[in-house]
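**Q** The structure under discussion is supplied below as structure tokens; questions concerning it will follow.
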Amino acid sequence: MTFGFAPSAASSVSADSTNRLARMLEPAEWAAAGIPLLRSPREVVSGLHARHRPTPATAVVAVLDHEERLTASASFTRRSVAADGWEFRNALLSHLRRVIPHDLRRRTPVRTAVLLYCREGDERWTEEDGAWMWGLRDACTLHGLRCGAYITLTHGGWQVLGEGRGGRRPNSTSAPSSLADTVREHDPFPLRTGGGATEALRRTAAR
């Protein structure tokens, strides 16, 4: 016969909180990770905003080629769960697999994944942002991509966290600009888009 003690509910909650805190990145850790800078962050943000029309709690993950052209993107709404990098990683990885093949056979990544997250609040870093950063970095590793910028979209505008670059428009309440104005003239890649893009936007992109 074996005697023991079952873990209390309080200790289980404490352990879960500790694990979740381990699955997030502080701004200093993110800045030290060597995340490549976007050459034209406003163009990237405006293009994703026009394609996916994100509202608060919407994540848009996008894959850029070596010339920063958009190759694929997908949007989805965050589930009502605690901010956990592991959960976010799984969601990002699932959507990446739907829109673009992995690059795991390459020695070094040639494509970069960026994440735009529309949320309430201001531009200051939150633990939720830290969990998204951890999730993006891990999802990129598992899909053979280079980890790129993490961008927040709030009522006050957009900001590339860890870089200090941002702008007032677009923001979480602004109307999207015309998609035709944001698509580069010479884009030879067929864009694969999943999630929140509407059929009307796909027709516009096809012209």
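Residue numbering restarts at 1 for every chain of the structure tokens, chains are lettered A, B, ... in their displayed order, and ligands are numbered from 1 as they appear.
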Between segment 85-174 of chain A and segment 32-52 of chain A, at 8 Å or less, what are the per-residue closest atom pairs and their distances in Å? Count only C-alpha atoms, order by chain and rising residue number, and return it as CSV.

**A**
residue,atom,partner,partner_atom,distance
A:Leu116,CA,A:Val45,CA,7.5
A:Cys147,CA,A:Ile35,CA,6.5
A:Gly148,CA,A:Ile35,CA,5.6
A:Ala149,CA,A:Ile35,CA,6.6
A:Trp158,CA,A:Val45,CA,7.8
A:Val160,CA,A:Pro41,CA,7.8
A:Glu163,CA,A:Leu37,CA,8.0
A:Gly166,CA,A:Arg42,CA,7.7
A:Gly167,CA,A:Arg42,CA,7.6
A:Pro170,CA,A:Ser46,CA,6.5

**Q** May I have the residues within 12 Å of Arg89 of chain A as a PyMOL selection string, using only C-alpha atoms and disregarding those fewer than 3 positions away in the same chain?

**A** chain A and resi 23-24+59+61+78+83-86+92-96+115+130-143

**Q** Write down as a compact mmCIF listing (two decimals) with N, CA, C and O atoms, in the first residue's frame the residues of segment 37-164 of chain A whose backbone DSSP state falls under strand (DSSP E).

**A**
# COMPACT_ATOMS: atom_id res chain seq x y z
N THR A 58 -7.66 39.76 -32.69
CA THR A 58 -7.35 39.10 -33.96
C THR A 58 -5.85 39.09 -34.18
O THR A 58 -5.18 40.12 -34.05
N ALA A 59 -5.31 37.91 -34.52
CA ALA A 59 -3.90 37.77 -34.85
C ALA A 59 -3.77 37.54 -36.35
O ALA A 59 -4.54 36.78 -36.94
N VAL A 60 -2.80 38.21 -36.96
CA VAL A 60 -2.51 38.03 -38.38
C VAL A 60 -1.06 37.60 -38.50
O VAL A 60 -0.14 38.35 -38.15
N VAL A 61 -0.83 36.38 -38.98
CA VAL A 61 0.52 35.90 -39.19
C VAL A 61 0.81 35.93 -40.68
O VAL A 61 -0.03 35.53 -41.49
N ALA A 62 1.97 36.47 -41.05
CA ALA A 62 2.31 36.64 -42.47
C ALA A 62 3.73 36.15 -42.73
O ALA A 62 4.60 36.24 -41.85
N VAL A 63 3.95 35.65 -43.94
CA VAL A 63 5.27 35.17 -44.34
C VAL A 63 5.78 36.08 -45.45
O VAL A 63 5.09 36.29 -46.47
N LEU A 64 6.99 36.61 -45.28
CA LEU A 64 7.61 37.50 -46.24
C LEU A 64 8.80 36.81 -46.88
O LEU A 64 9.51 36.04 -46.23
N LEU A 70 5.05 39.96 -49.54
CA LEU A 70 4.13 39.07 -48.83
C LEU A 70 3.88 37.82 -49.66
O LEU A 70 3.42 37.88 -50.79
N THR A 71 4.17 36.66 -49.07
CA THR A 71 3.99 35.38 -49.75
C THR A 71 2.70 34.69 -49.32
O THR A 71 2.02 34.08 -50.13
N ALA A 72 2.38 34.76 -48.04
CA ALA A 72 1.17 34.12 -47.53
C ALA A 72 0.80 34.77 -46.21
O ALA A 72 1.65 35.34 -45.52
N SER A 73 -0.48 34.69 -45.86
CA SER A 73 -0.91 35.24 -44.57
C SER A 73 -2.20 34.56 -44.13
O SER A 73 -2.93 34.00 -44.95
N ALA A 74 -2.45 34.62 -42.85
CA ALA A 74 -3.68 34.04 -42.29
C ALA A 74 -4.05 34.83 -41.04
O ALA A 74 -3.18 35.35 -40.34
N SER A 75 -5.34 34.92 -40.76
CA SER A 75 -5.78 35.61 -39.56
C SER A 75 -6.74 34.72 -38.79
O SER A 75 -7.43 33.88 -39.36
N PHE A 76 -6.78 34.92 -37.48
CA PHE A 76 -7.67 34.13 -36.63
C PHE A 76 -7.89 34.90 -35.34
O PHE A 76 -7.13 35.79 -34.98
N THR A 77 -8.97 34.56 -34.64
CA THR A 77 -9.31 35.22 -33.38
C THR A 77 -8.78 34.40 -32.22
O THR A 77 -8.94 33.17 -32.18
N THR A 112 10.61 34.86 -43.80
CA THR A 112 10.44 35.41 -42.46
C THR A 112 8.97 35.51 -42.11
O THR A 112 8.16 35.95 -42.93
N ALA A 113 8.61 35.10 -40.90
CA ALA A 113 7.23 35.24 -40.44
C ALA A 113 7.13 36.43 -39.50
O ALA A 113 7.97 36.62 -38.62
N VAL A 114 6.11 37.26 -39.71
CA VAL A 114 5.83 38.38 -38.82
C VAL A 114 4.43 38.21 -38.26
O VAL A 114 3.59 37.53 -38.85
N LEU A 115 4.19 38.83 -37.13
CA LEU A 115 2.89 38.70 -36.49
C LEU A 115 2.34 40.08 -36.15
O LEU A 115 3.02 40.90 -35.52
N LEU A 116 1.12 40.33 -36.59
CA LEU A 116 0.38 41.55 -36.24
C LEU A 116 -0.76 41.14 -35.31
O LEU A 116 -1.58 40.30 -35.68
N TYR A 117 -0.78 41.72 -34.13
CA TYR A 117 -1.85 41.38 -33.18
C TYR A 117 -2.63 42.63 -32.81
O TYR A 117 -2.07 43.61 -32.33
N CYS A 118 -3.93 42.58 -33.05
CA CYS A 118 -4.82 43.69 -32.75
C CYS A 118 -5.42 43.45 -31.36
O CYS A 118 -6.01 42.39 -31.11
N ARG A 146 12.37 32.16 -40.47
CA ARG A 146 13.08 33.10 -39.62
C ARG A 146 12.05 33.90 -38.83
O ARG A 146 11.02 34.30 -39.37
N CYS A 147 12.30 34.10 -37.56
CA CYS A 147 11.36 34.85 -36.72
C CYS A 147 11.51 36.33 -37.00
O CYS A 147 12.61 36.89 -36.89
N GLY A 148 10.40 36.96 -37.38
CA GLY A 148 10.42 38.37 -37.70
C GLY A 148 9.71 39.22 -36.66
O GLY A 148 9.54 38.81 -35.52
N ALA A 149 9.26 40.38 -37.08
CA ALA A 149 8.72 41.39 -36.17
C ALA A 149 7.40 40.98 -35.53
O ALA A 149 6.60 40.24 -36.11
N TYR A 150 7.21 41.48 -34.32
CA TYR A 150 5.92 41.37 -33.63
C TYR A 150 5.35 42.78 -33.55
O TYR A 150 5.98 43.69 -33.01
N ILE A 151 4.16 42.96 -34.10
CA ILE A 151 3.55 44.27 -34.23
C ILE A 151 2.21 44.29 -33.51
O ILE A 151 1.40 43.38 -33.69
N THR A 152 1.98 45.30 -32.70
CA THR A 152 0.68 45.45 -32.05
C THR A 152 -0.12 46.54 -32.76
O THR A 152 0.44 47.53 -33.24
N LEU A 153 -1.42 46.33 -32.82
CA LEU A 153 -2.34 47.30 -33.40
C LEU A 153 -3.37 47.63 -32.33
O LEU A 153 -4.13 46.76 -31.90
N THR A 154 -3.36 48.87 -31.86
CA THR A 154 -4.25 49.29 -30.80
C THR A 154 -5.03 50.53 -31.24
O THR A 154 -4.87 51.00 -32.37
N GLY A 157 -2.76 53.26 -32.54
CA GLY A 157 -1.98 53.06 -33.75
C GLY A 157 -1.27 51.72 -33.74
O GLY A 157 -1.68 50.78 -33.05
N TRP A 158 -0.19 51.63 -34.51
CA TRP A 158 0.58 50.38 -34.58
C TRP A 158 1.99 50.63 -34.08
O TRP A 158 2.49 51.74 -34.12
N GLN A 159 2.61 49.55 -33.59
CA GLN A 159 3.98 49.66 -33.09
C GLN A 159 4.70 48.34 -33.26
O GLN A 159 4.15 47.28 -32.96
N VAL A 160 5.94 48.43 -33.74
CA VAL A 160 6.81 47.26 -33.83
C VAL A 160 7.52 47.15 -32.49
O VAL A 160 8.41 47.96 -32.19

**Q** Can you list every residue in segment 99-180 of chain A that DSSP puts in helix (DSSP H, G or I), as a ChimeraX atom specification?

**A** /A:99,127-143,179-180

**Q** Grab the atom CA of Phe88 of chain A to atom CA of Ala57 of chain A distance for me, in Å with one decimal place.

**A** 12.2 Å

**Q** Please, what distance in Å, to one decimal, runs between atom CA of Arg98 of chain A and atom CA of Pro54 of chain A?

**A**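 Separating atom CA of Arg98 of chain A from atom CA of Pro54 of chain A is a distance of 19.1 Å.
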
**Q** So, with only C-alpha atoms as the atoms that count, which of A:Glu26, A:Arg111, A:Thr55, A:Leu21 lies closest to Ser174 of chain A?

**A**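 Between A:Glu26, A:Arg111, A:Thr55, A:Leu21, the residue approaching Ser174 of chain A most closely is A:Thr55.
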